[in-house]
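Q: Hey, dropping target_4.txt in here, compact mmCIF, C-alpha atoms:
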```txt
# COMPACT_ATOMS: atom_id res chain seq x y z
CA MET A 1 -0.28 -7.49 -18.19
CA GLN A 2 -2.03 -6.40 -21.38
CA THR A 3 0.27 -8.74 -23.31
CA ILE A 4 -0.80 -11.68 -21.12
CA LEU A 5 -4.48 -10.76 -21.61
CA SER A 6 -3.91 -10.57 -25.37
CA ILE A 7 -2.25 -14.00 -25.39
CA LEU A 8 -5.13 -15.46 -23.33
CA LYS A 9 -7.70 -13.96 -25.71
CA ARG A 10 -5.93 -15.41 -28.77
CA ALA A 11 -5.82 -18.82 -27.04
CA GLY A 12 -9.59 -18.82 -26.48
CA GLY A 13 -9.67 -17.36 -22.96
CA TRP A 14 -9.23 -19.00 -19.57
CA TYR A 15 -10.42 -22.57 -19.16
CA PRO A 16 -9.53 -25.41 -16.77
CA GLY A 17 -6.42 -27.18 -18.03
CA LEU A 18 -5.15 -24.13 -19.95
CA TYR A 19 -1.46 -24.57 -20.74
CA LEU A 20 0.47 -22.34 -23.12
CA LYS A 21 4.21 -22.53 -23.76
CA ILE A 22 5.76 -19.70 -25.73
CA GLU A 23 9.27 -20.13 -27.07
CA ASN A 24 11.17 -16.93 -27.87
CA ALA A 25 14.88 -17.74 -28.27
CA PRO A 26 17.29 -16.77 -26.85
CA TYR A 27 15.04 -16.08 -23.82
CA MET A 28 13.65 -18.72 -21.48
CA GLU A 29 10.29 -20.29 -22.34
CA LEU A 30 7.23 -18.46 -21.03
CA VAL A 31 4.50 -20.71 -19.62
CA ILE A 32 0.96 -19.55 -18.87
CA GLU A 33 -1.27 -22.08 -17.16
CA ALA A 34 -4.59 -22.22 -15.35
CA MET A 35 -4.26 -23.03 -11.68
CA ASP A 36 -6.37 -25.74 -10.03
CA GLU A 37 -7.37 -23.47 -7.17
CA SER A 38 -8.96 -20.02 -7.30
CA GLY A 39 -7.17 -16.85 -6.26
CA PRO A 40 -7.73 -15.10 -2.90
CA MET A 41 -10.94 -13.41 -4.13
CA GLY A 42 -12.34 -16.68 -5.51
CA LEU A 43 -11.68 -15.76 -9.16
CA PRO A 44 -10.02 -17.98 -11.79
CA ALA A 45 -6.23 -17.88 -11.40
CA ILE A 46 -3.28 -18.26 -13.77
CA SER A 47 0.42 -18.79 -13.25
CA VAL A 48 2.89 -16.99 -15.53
CA ALA A 49 6.51 -18.11 -15.36
CA HIS A 50 9.73 -18.36 -17.30
CA TYR A 51 11.08 -21.90 -17.20
CA GLY A 52 14.70 -22.93 -17.49
CA GLU A 53 16.72 -26.01 -16.60
CA GLN A 54 19.22 -26.20 -13.77
CA ASN A 55 21.02 -29.43 -12.87
CA GLY A 56 18.45 -31.38 -14.89
CA ASP A 57 15.46 -29.87 -13.04
CA LEU A 58 12.91 -27.44 -14.45
CA MET A 59 13.05 -24.14 -12.57
CA ARG A 60 10.55 -21.25 -12.55
CA ASP A 61 12.31 -17.88 -12.61
CA PRO A 62 10.29 -15.82 -11.75
CA GLU A 63 6.69 -16.95 -11.24
CA MET A 64 3.72 -14.62 -10.88
CA CYS A 65 0.13 -15.59 -10.14
CA PHE A 66 -2.86 -13.52 -11.19
CA GLU A 67 -6.60 -13.60 -10.74
CA LEU A 68 -8.60 -13.03 -13.90
CA GLY A 69 -11.35 -10.49 -13.30
CA LEU A 70 -14.03 -9.64 -15.85
CA ALA A 71 -16.04 -6.89 -14.09
CA GLY A 72 -15.45 -3.64 -15.95
CA GLY A 73 -13.49 -5.47 -18.67
CA ALA A 74 -10.91 -8.23 -18.52
CA HIS A 75 -8.05 -7.47 -16.12
CA LEU A 76 -5.39 -9.31 -14.14
CA ASP A 77 -4.85 -8.75 -10.42
CA PRO A 78 -1.45 -9.99 -9.20
CA TRP A 79 -1.42 -11.82 -5.87
CA TYR A 80 1.79 -13.88 -5.81
CA TYR A 81 5.36 -13.29 -6.94
CA LEU A 82 8.37 -15.57 -6.45
CA CYS A 83 11.78 -14.91 -7.91
```
Kindly present the structure from the file in structure tokens form.

A:
Amino acid sequence: MQTILSILKRAGGWYPGLYLKIENAPYMELVIEAMDESGPMGLPAISVAHYGEQNGDLMRDPEMCFELGLAGGAHLDPWYYLC
């Protein structure tokens, strides 16, 4: 999670409409994006997923969602995982 926080910091932090795509061949693309809705505690939320293509459709594999907390220093609290 520290890597994700570092990437967010280098990108200017969380903001509505945040979308980052990181290509690291031969691995699947990593996409970090701000979610439209807040997380379960009402904090800003991000989705982190690897994207690949299957039968012409984009597939997330896996996807994790985090809330971005700032109290006591920036930290991510996971609240959703789908593989």

Q: Set the distance at 12 Å and use only C-alpha atoms: which residues neighbour A:Ile4 once local chain neighbours fewer than 4 positions away are removed? I'd like the list as a ChimeraX atom specification.

A: /A:8-11,13-14,20,22,30-33,46-49,64-66,68,74-77

Q: Of the candidates A:Pro78, A:Gly39, A:Ala34, A:Cys83, which one gets nearest to A:Tyr51 if we count only C-alpha atoms?

A: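 Smallest distance to A:Tyr51 is found for A:Cys83.
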
Q: Could you tell me which of A:Lys21, A:Asp57, A:Glu63, A:Pro40 comes closest to A:Tyr81 if we count all atoms listed in the file?

A: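 Of A:Lys21, A:Asp57, A:Glu63, A:Pro40, the one nearest A:Tyr81, counting all atoms listed in the file, is A:Glu63.
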
Q: So the first atom is atom CA of A:Leu18 and the second is atom CA of A:Ala45; what is the distance between them in Å, to one decimal place?

A: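 Computing the Euclidean distance for atom CA of A:Leu18 and atom CA of A:Ala45 yields 10.6 Å.
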
Q: Which residue, A:Asp61, A:Pro16, A:Thr3, A:Asn55, has the smallest gap to A:Met28 when you use only C-alpha atoms?

A: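 Looking only at the distances to A:Met28, the closest residue turns out to be A:Asp61.
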
Q: Hey, can you check how far atom CA of A:Pro26 sits from atom CA of A:Glu67?

A: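 These two atoms are separated by 29.0 Å.
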
Q: Box time for stretch 57-61 of chain A: axis-aligned, enclosing all its listed atoms, 8 Å extra on each side; report centre and edge lengths in Å to one decimal, as AutoDock Vina command-line options.

A:
```
--center_x 13.0 --center_y -23.9 --center_z -13.5 --size_x 20.9 --size_y 28.0 --size_z 17.9
```

Q: Please report the interatomic distance between atom CA of A:Gly42 and atom CA of A:Leu70 in Å with one decimal.

A: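 Taking atom CA of A:Gly42 and atom CA of A:Leu70, their separation equals 12.6 Å.
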
Q: For A:Gln2, which residue among A:Arg60, A:Leu82, A:Met35, A:Gly73 is the nearest when counting only C-alpha atoms?

A: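 Of the candidates, the smallest distance to A:Gln2 is held by A:Gly73.
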